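The block underneath contains the structure these notes are about, expressed in structure tokens.
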Amino acid sequence: MNISSGFVIPLTVRPVQRPALMPAAARVCYGLVAGLLALALAPTQAAAQPVPRHYVAYRTAAPLTLDGHLDEPAWQAAPWTDAFTDIEGDRRPPPRFRTRAKMLWDDAHFYVAAILEEPHLWATLTERDAVIFHDNDFEVFIDPDGDTHLYYEVELNALGTVWDLLLVRPYRDGGPPIDAWDVRGLGLGLHLDGTLNDPSDTDRGWTVELALPWEALREAAPGNRPPRPGETWRVNFSRVQWHTDVADGRYVKRTDPATGRPLPEDNWVWSPQGVIDMHRPERWGFVLFSDRIAGTGTTPFVPDPNERVKDALRHLHEAQRAHFRTHGRYADDLAALGADTLRVDGLAFTPTLYVTPTLYEITAPGFDGATVHIRHDGRVWVEKP
């Protein structure tokens, strides 16, 4: 299949005939197992967490043509993200192939583009909502309000096959994923710079261009609306890359001679997670939405200091869960969770714990009169005055 020019894949709404939860265990095992392992390791790895990346998304003055070429003035003016790194960060070798992304927005859409260097273009899955990461893929994760709950995941391969879903909570917090959810009106353009599924030559890569309608994203957004200039959403991108060999004129996944099973995939991301688990939204990047048209000036990114209060509360949250695993109950004393050892620069960190035999919530005064909350299921949010 030789695709040397861009093509547009129209994605339309169709009746959902499948159950709301993913029907096969295979669809959740990747995130579930990774999430459980990450949860078990979290207390010892907290000090080594990578710093989340940030990006300023500028506006486009006109809707974009989705052809995967990124030659419009808005795309040309939009900055690139940092090159993707391994999901675990600097503790792992850098990716073998380069990946970068850009973002734009207007009143109707959130636009995402990425260029993936790839010498061997390969894809097999053609059914909507198949488990796309079984192929090499590109993935988008969006948590509009930054509370780690009700967030979106969109995956696609080089054939343009899409898997989109809504996560009620991360897998570590019990999920569940809503596989029947769709990005209604999703626009997608791909450009393949090479030949798909042809091992006889060396390819250069593929370009992804997505238009995600605010109408579809607003259900989990603050105020059920698109972002306003100056607001920040949590976003991350992932690239799954399998090791392949050529057998009988086609690509096959490289296997472990001892087990016969495919070797583990590489996971390359924009904002490193520190663990092999994309479903840790608190480690995703920050995207600030600017009211400037791309190319007309710059908007500085200013971190929200209440994110540091969230991080301190998450530390107590993980300690509370560890206490439950050891003692079979939640601690009713913050000292037992090590609260007296936590510091938030520029703020007196004075948390309060509310606990029952099965539930708990921890609150703390934040910056600018805010109150920051975290509860037993991991949801964290800021209540502003």
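Ordering of the structure tokens sets the chain letters (A, B, ...); residue numbers start at 1 within each chain; ligands are numbered from 1 in the order shown.
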
Find the spatial neighbours of Pro222 in chain A, counting only C-alpha atoms, within a cut-off of 8 Å - ignore same-chain residues fewer than 3 positions away - and output them as a ChimeraX atom specification.
-> /A:144-145,218,225,227

Test item, strand (DSSP E or B) assignment across range 133-356 of chain A, answer as a PyMOL selection string = chain A and resi 137-143+151-156+162-167+177-178+187-195+205-213+232-241+244-247+250-253+255+262+266-269+285-293+344+347+352-355

Enumerate, in order of chain and increasing residue number, the residues of range 254-309 of chain A with an atom no farther than 7 Å from range 74-96 of chain A, each with its shortest atom pair and distance in Å to one decimal, counting only C-alpha atoms, as JSON lines.
{"residue": "A:Asn267", "atom": "CA", "partner": "A:Ile87", "partner_atom": "CA", "distance": 5.6}
{"residue": "A:Trp268", "atom": "CA", "partner": "A:Asp86", "partner_atom": "CA", "distance": 4.5}
{"residue": "A:Val269", "atom": "CA", "partner": "A:Phe84", "partner_atom": "CA", "distance": 4.9}
{"residue": "A:Trp270", "atom": "CA", "partner": "A:Phe84", "partner_atom": "CA", "distance": 4.5}
{"residue": "A:Pro272", "atom": "CA", "partner": "A:Ile87", "partner_atom": "CA", "distance": 4.8}
{"residue": "A:Gln273", "atom": "CA", "partner": "A:Ile87", "partner_atom": "CA", "distance": 5.4}
{"residue": "A:Gly274", "atom": "CA", "partner": "A:Glu88", "partner_atom": "CA", "distance": 4.0}
{"residue": "A:Val275", "atom": "CA", "partner": "A:Glu88", "partner_atom": "CA", "distance": 4.9}
{"residue": "A:Ile276", "atom": "CA", "partner": "A:Ile87", "partner_atom": "CA", "distance": 6.1}
{"residue": "A:Ala294", "atom": "CA", "partner": "A:Ala77", "partner_atom": "CA", "distance": 5.5}
{"residue": "A:Gly295", "atom": "CA", "partner": "A:Ala77", "partner_atom": "CA", "distance": 4.9}

Keeping C-alpha atoms for every residue in the selection just given, could you write it to a file as a PDB file, in the first residue's frame?
ATOM      1  CA  ASN A 267       6.571   3.285  25.185  1.00  0.00           C
ATOM      2  CA  TRP A 268       7.660   6.797  24.205  1.00  0.00           C
ATOM      3  CA  VAL A 269       5.846   9.820  25.562  1.00  0.00           C
ATOM      4  CA  TRP A 270       5.869  13.615  25.570  1.00  0.00           C
ATOM      5  CA  PRO A 272       7.461  11.092  31.108  1.00  0.00           C
ATOM      6  CA  GLN A 273       5.445   9.131  33.649  1.00  0.00           C
ATOM      7  CA  GLY A 274       8.287   7.657  35.703  1.00  0.00           C
ATOM      8  CA  VAL A 275       6.590   4.240  35.530  1.00  0.00           C
ATOM      9  CA  ILE A 276       5.244   2.090  32.695  1.00  0.00           C
ATOM     10  CA  ALA A 294      -0.148  31.429  16.337  1.00  0.00           C
ATOM     11  CA  GLY A 295       2.743  33.493  15.060  1.00  0.00           C
TER      12      GLY A 295
END

Show me, as a short mmCIF file (atom, residue, chain, number, x, y, z; two decimals) with C-alpha atoms, in the first residue's frame, the residues that have an atom within 8 Å of Gln320 in chain A when counting only C-alpha atoms, minus same-chain residues fewer than 2 positions from it.
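Dumped to result.cif:
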data_model
loop_
_atom_site.label_atom_id
_atom_site.label_comp_id
_atom_site.auth_asym_id
_atom_site.auth_seq_id
_atom_site.Cartn_x
_atom_site.Cartn_y
_atom_site.Cartn_z
CA LEU A 316 -0.55 11.39 51.81
CA HIS A 317 -3.02 9.52 49.62
CA GLU A 318 -0.43 6.88 48.69
CA ALA A 322 -0.19 1.67 52.04
CA HIS A 323 -1.50 1.92 55.59
CA PHE A 324 -4.71 0.18 54.53
CA TYR A 330 -7.36 3.72 56.99
CA ALA A 331 -5.24 5.77 59.36
CA LEU A 337 0.98 9.16 57.15
#

Do a neighbour search on His134 in chain A at 9 Å with only C-alpha atoms, toss out local chain neighbours closer than 2 positions, and write the hits as a PyMOL selection string.
-> chain A and resi 124-125+130-132+136-137+240+242

C-alpha atoms of the current selection, written as a compact mmCIF listing (two decimals), in the first residue's frame:
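This went into again38.txt:
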# COMPACT_ATOMS: atom_id res chain seq x y z
CA THR A 124 -2.72 -4.44 10.67
CA LEU A 125 -5.84 -3.46 12.64
CA ALA A 130 -9.79 -2.71 18.36
CA VAL A 131 -6.90 -2.70 20.84
CA ILE A 132 -4.80 -0.39 18.70
CA ASN A 136 2.55 0.60 16.45
CA ASP A 137 0.39 3.57 17.36
CA VAL A 240 3.81 2.43 21.24
CA TRP A 242 7.09 -2.85 18.70

What are the DSSP helix (DSSP H, G or I) residues of range 156-241 of chain A, as a ChimeraX atom specification?
-> /A:171-173,214-220,222-224

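Considering the residues A:Tyr251, A:Trp233, A:Tyr111, A:Phe97 and counting only C-alpha atoms, Phe289 in chain A has its shortest atom-to-atom contact with A:Trp233.
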
Would you kindly return, as an NGL selection string, each protein, DNA or RNA residue with an atom no farther than 10 Å from any atom of Thr65 in chain A, considering only C-alpha atoms and excluding same-chain residues fewer than 5 positions away?
-> :A and (8 or 70-72 or 187-189 or 209 or 211)
